[in-house]
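This report refers to the structure that appears directly beneath it.
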2 protein chains.
Amino acid sequence: MFKYPGGRVYEKREQVAAGKANATYGNRGMTLEADLNETNAYYLERGIAVIHKKPTPVQIVRVDYPKRSAAVIKEAYFKQPSTTDYNGIYRGKYIDFEAKETRNKTSFPLQNFHEHQIYHMKQVLAHGAICFVILRFTTLDEVYLLDAHHLLEFWERKEKGGRKSITKTEIEQYGHLIPLGYQPRIDYIKVVDKLYF
Amino acid sequence: MFKYPGGRVYEKREQVAAGKANATYGNRGMTLEADLNETNAYYLERGIAVIHKKPTPVQIVRVDYPKRSAAVIKEAYFKQPSTTDYNGIYRGKYIDFEAKETRNKTSFPLQNFHEHQIYHMKQVLAHGAICFVILRFTTLDEVYLLDAHHLLEFWERKEKGGRKSITKTEIEQYGHLIPLGYQPRIDYIKVVDKLYF
């Protein structure tokens, strides 16, 4: 295991998300990212929506280019992303979201979001985007869609010295439980349909 | 210099594009990517549009995590992107494009585009996206916006055994010359306004 600059641990499960392990097992133990990647692949194949996760931004410092084989990056660093991780198009509308998970059971820590992601959400909302966050309570196996306007209110509360998290009760009140399944795993488009169309 | 898996050469100018060199000089010698990044930053700051380049996709194989300093990626490889490089939102609409440059003066080689990028363009068009390509003739210092429908027709011609490039004359006929300047450098939104709104 290694840690990201921010201190977050790089888990084996992320390698699965990145498609490095064979994904023959069930939902249990899959990251939110892996589940969303499969969900988005499902939407893409069926012509439902075109939504992709952006690649992890990396600052490349040194590259070797051996003869007769592919270039090898020998030194690089993780960079802070300047946007949310997911965007695309659905029913002619620009869709933008971030996905985060917590092991907490009673609240969702706001430290999961970065200042520049909040800034990005404000920007796309101002231009008419459908923007939200997908929040997973990993130990409860519950996934919620929370509209970005609500997230921004909770963020504002924190900035004003209020609590540093969103309570589970608040997420139940303002968010929308996403149906989980086998295919697609996290059928968030169902909630988007109800909420924005 | 090194080569990408596809054989494309990684140039010094790309390091400028990635923000590694000081950008005190003028337009001359800047990559199309660097110019578009500056243009998009200009649009973002003024609240005109929210359009970002996606990070270069990298397959991370090995990471060191020294104590008291940031994680270092020690082995990684360039991956083929599965989408176009740029997307975002403008006037409430989903915008998607790819940008390429050539040193040719009389035609634009279609080998600059990959099969999966063409597939992606078809997908987003089917969902109502504004989709195009930005083509720079580097040695002529001319930049064109070509709607994706036209690109797809030229691609189709190639697939049917026709010519492997778009002639300069065709680009002049079907494309739109983008005004170049100091700020923003490549004012493609002006053309988008005329063409799609």
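Residue numbers start at 1 in each chain; chains themselves are named A, B, ... in the order of the structure tokens; ligands are numbered from 1 in the order shown.
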
Inset, instruction - Pick out the residues sitting within 7 Å of segment 34-43 of chain A, and hand them over as a list in words; count only C-alpha atoms, and ignore anything fewer than 3 positions along from it in its own chain. - result: Val16, Ala17, Met30, Thr31, Arg46, Gly47, Ile48, Ala49, Val50, Ile51, His52, Pro184, Arg185, Ile186 and Asp187 of chain A

Can you check which residues of chain A have any atom within 6 Å of chain B? Use only C-alpha atoms and format it as a compact mmCIF listing (two decimals) with all heavy atoms, in the first residue's frame.
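Output below, filename result-v8.txt:
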```
# COMPACT_ATOMS: atom_id res chain seq x y z
N PHE A 2 0.43 2.28 -0.73
CA PHE A 2 1.10 3.57 -0.62
C PHE A 2 0.05 4.64 -0.38
O PHE A 2 -1.14 4.39 -0.48
CB PHE A 2 1.91 3.88 -1.89
CG PHE A 2 1.08 4.27 -3.06
CD1 PHE A 2 0.70 5.59 -3.24
CD2 PHE A 2 0.66 3.32 -3.97
CE1 PHE A 2 -0.08 5.96 -4.33
CE2 PHE A 2 -0.11 3.68 -5.05
CZ PHE A 2 -0.48 4.98 -5.23
N PRO A 5 -0.45 11.96 -2.03
CA PRO A 5 0.03 13.16 -1.33
C PRO A 5 -0.92 13.58 -0.21
O PRO A 5 -0.50 13.94 0.87
CB PRO A 5 0.07 14.22 -2.44
CG PRO A 5 0.28 13.45 -3.69
CD PRO A 5 -0.36 12.11 -3.49
N PRO A 55 -9.07 10.32 -16.54
CA PRO A 55 -7.86 9.66 -16.03
C PRO A 55 -7.30 10.40 -14.81
O PRO A 55 -7.51 11.60 -14.67
CB PRO A 55 -6.88 9.76 -17.20
CG PRO A 55 -7.71 10.02 -18.41
CD PRO A 55 -8.92 10.77 -17.93
N PRO A 57 -4.82 12.46 -12.92
CA PRO A 57 -3.78 13.36 -13.43
C PRO A 57 -2.42 13.08 -12.82
O PRO A 57 -2.28 12.92 -11.61
CB PRO A 57 -4.28 14.75 -13.02
CG PRO A 57 -5.39 14.55 -12.07
CD PRO A 57 -5.78 13.12 -12.03
N TYR A 65 12.85 5.50 -23.19
CA TYR A 65 12.24 4.99 -24.43
C TYR A 65 13.15 3.93 -25.02
O TYR A 65 13.95 4.18 -25.91
CB TYR A 65 11.95 6.11 -25.42
CG TYR A 65 12.91 7.27 -25.34
CD1 TYR A 65 13.94 7.41 -26.25
CD2 TYR A 65 12.77 8.22 -24.31
CE1 TYR A 65 14.82 8.47 -26.16
CE2 TYR A 65 13.65 9.28 -24.22
CZ TYR A 65 14.67 9.40 -25.16
OH TYR A 65 15.54 10.46 -25.05
N ALA A 70 7.70 -0.12 -25.73
CA ALA A 70 6.96 1.10 -25.40
C ALA A 70 7.72 1.99 -24.42
O ALA A 70 8.52 1.51 -23.62
CB ALA A 70 5.60 0.72 -24.81
N VAL A 72 8.61 4.03 -21.24
CA VAL A 72 8.34 3.74 -19.83
C VAL A 72 8.47 5.03 -19.03
O VAL A 72 9.50 5.69 -19.08
CB VAL A 72 9.35 2.71 -19.25
CG1 VAL A 72 8.90 2.25 -17.87
CG2 VAL A 72 9.52 1.54 -20.19
N ILE A 73 7.43 5.35 -18.29
CA ILE A 73 7.50 6.49 -17.38
C ILE A 73 8.25 6.03 -16.14
O ILE A 73 7.83 5.07 -15.48
CB ILE A 73 6.09 7.01 -17.04
CG1 ILE A 73 5.40 7.48 -18.33
CG2 ILE A 73 6.16 8.13 -16.01
CD1 ILE A 73 3.89 7.61 -18.19
N LYS A 74 9.37 6.69 -15.84
CA LYS A 74 10.24 6.26 -14.75
C LYS A 74 10.09 7.13 -13.50
O LYS A 74 10.53 6.77 -12.42
CB LYS A 74 11.71 6.31 -15.21
CG LYS A 74 12.07 5.22 -16.21
CD LYS A 74 12.12 3.87 -15.52
CE LYS A 74 12.86 2.85 -16.38
NZ LYS A 74 12.92 1.54 -15.71
N GLU A 75 9.57 8.33 -13.69
CA GLU A 75 9.34 9.20 -12.54
C GLU A 75 8.14 10.09 -12.82
O GLU A 75 8.10 10.81 -13.82
CB GLU A 75 10.57 10.07 -12.25
CG GLU A 75 10.41 10.90 -10.97
CD GLU A 75 11.57 11.87 -10.76
OE1 GLU A 75 12.56 11.82 -11.51
OE2 GLU A 75 11.46 12.71 -9.83
N ALA A 76 7.16 10.01 -11.94
CA ALA A 76 5.95 10.83 -12.09
C ALA A 76 5.31 10.97 -10.72
O ALA A 76 5.61 10.21 -9.80
CB ALA A 76 5.00 10.17 -13.08
N TYR A 77 4.45 11.97 -10.61
CA TYR A 77 3.79 12.26 -9.33
C TYR A 77 2.29 12.46 -9.53
O TYR A 77 1.87 12.93 -10.58
CB TYR A 77 4.41 13.51 -8.69
CG TYR A 77 5.87 13.33 -8.40
CD1 TYR A 77 6.83 13.65 -9.37
CD2 TYR A 77 6.30 12.78 -7.20
CE1 TYR A 77 8.18 13.45 -9.12
CE2 TYR A 77 7.65 12.58 -6.94
CZ TYR A 77 8.59 12.92 -7.91
OH TYR A 77 9.92 12.70 -7.66
N ARG A 91 -29.21 12.45 -22.51
CA ARG A 91 -30.42 13.09 -23.06
C ARG A 91 -30.16 14.54 -23.45
O ARG A 91 -30.94 15.44 -23.14
CB ARG A 91 -31.58 12.99 -22.05
CG ARG A 91 -32.09 11.55 -21.91
CD ARG A 91 -33.10 11.36 -20.80
NE ARG A 91 -34.36 12.06 -21.03
CZ ARG A 91 -35.44 11.94 -20.23
NH1 ARG A 91 -35.39 11.13 -19.18
NH2 ARG A 91 -36.53 12.59 -20.49
N GLY A 92 -29.03 14.75 -24.09
CA GLY A 92 -28.68 16.07 -24.60
C GLY A 92 -28.15 17.05 -23.57
O GLY A 92 -27.83 18.18 -23.90
N TYR A 94 -25.46 18.17 -20.39
CA TYR A 94 -24.14 17.98 -19.79
C TYR A 94 -24.29 17.50 -18.34
O TYR A 94 -24.99 18.14 -17.54
CB TYR A 94 -23.35 19.29 -19.82
CG TYR A 94 -22.02 19.21 -19.11
CD1 TYR A 94 -20.91 18.67 -19.75
CD2 TYR A 94 -21.87 19.65 -17.80
CE1 TYR A 94 -19.68 18.59 -19.10
CE2 TYR A 94 -20.65 19.57 -17.15
CZ TYR A 94 -19.56 19.03 -17.80
OH TYR A 94 -18.35 18.95 -17.16
N HIS A 127 -23.35 27.30 -15.64
CA HIS A 127 -23.53 27.16 -17.08
C HIS A 127 -24.66 26.20 -17.44
O HIS A 127 -24.83 25.83 -18.60
CB HIS A 127 -22.22 26.69 -17.74
CG HIS A 127 -21.21 27.80 -17.84
ND1 HIS A 127 -20.40 28.14 -16.79
CD2 HIS A 127 -20.91 28.66 -18.85
CE1 HIS A 127 -19.62 29.16 -17.16
NE2 HIS A 127 -19.92 29.49 -18.39
N GLY A 128 -25.41 25.76 -16.42
CA GLY A 128 -26.59 24.95 -16.71
C GLY A 128 -26.40 23.45 -16.65
O GLY A 128 -27.22 22.69 -17.16
```

Inset, instruction - Can you check which residues of chain A DSSP gives as alpha helix (DSSP H) on the backbone and send them as JSON, numbers by chain? - result: {"A": [12, 13, 14, 15, 16, 17, 32, 33, 34, 35, 36, 37, 38, 39, 40, 41, 42, 43, 44, 45, 115, 116, 117, 118, 119, 120, 121, 122, 123, 124, 125, 126, 148, 149, 150, 151, 152, 153, 154, 155, 156, 157, 158, 159, 168, 169, 170, 171, 172, 173, 174, 188, 189, 190, 191, 192, 193, 194, 195, 196]}

Inset, instruction - Just the residues within 12 Å of Thr169 of chain A, please, counting only C-alpha atoms, with nothing from its chain fewer than 2 positions along; format it as a list in words. - result: Lys105, Thr106, Ser107, Phe108, Tyr144, Ser165, Ile166, Thr167, Ile171, Glu172, Gln173, Tyr174, Gly175 and His176 of chain A

Those same residues, written as a tab-separated table (two decimals), in the first residue's frame with C-alpha atoms?
```
chain	number	residue	atom	x	y	z
A	105	LYS	CA	-22.06	4.95	9.27
A	106	THR	CA	-23.61	8.13	10.64
A	107	SER	CA	-22.13	10.96	8.57
A	108	PHE	CA	-20.19	11.79	5.43
A	144	TYR	CA	-26.98	8.16	-2.54
A	165	SER	CA	-19.64	16.53	7.70
A	166	ILE	CA	-23.11	15.85	6.36
A	167	THR	CA	-25.16	13.70	8.73
A	171	ILE	CA	-28.32	12.72	3.20
A	172	GLU	CA	-31.49	10.62	3.57
A	173	GLN	CA	-33.54	13.83	3.58
A	174	TYR	CA	-31.90	15.72	0.70
A	175	GLY	CA	-30.34	12.86	-1.24
A	176	HIS	CA	-31.83	10.00	-3.23
```

Inset, instruction - Give me every strand (DSSP E or B) residue in chain A, going by DSSP on the backbone, as a ChimeraX atom specification. - result: /A:2-3,9-10,50-53,58-64,72-78,86-90,93-102,107-109,130-137,142-147,165-167,176-177,180,186

Legend entry - Polymer residues at most 7 Å from Leu145 of chain B, only C-alpha atoms, same-chain spacing of 5 or more positions, as a list in words: Phe132, Val133, Ile134, Leu135, Gly175, His176, Leu177 and Ile178 of chain B

Next, the residues of the selection above should be written as a tab-separated table (two decimals), in the first residue's frame with C-alpha atoms.
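Ended up saving to again-v6.tsv:
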```
chain	number	residue	atom	x	y	z
B	132	PHE	CA	-15.92	19.02	-33.63
B	133	VAL	CA	-12.19	18.88	-34.23
B	134	ILE	CA	-9.68	21.70	-34.08
B	135	LEU	CA	-7.04	21.28	-36.78
B	175	GLY	CA	-14.24	23.99	-41.88
B	176	HIS	CA	-14.13	27.42	-40.28
B	177	LEU	CA	-10.99	29.46	-39.75
B	178	ILE	CA	-10.58	30.31	-36.07
```

Legend entry - Best match for closeness to Asp147 of chain A among A:Leu180, A:Val191, A:His116, A:Glu159, counting only C-alpha atoms: A:Val191
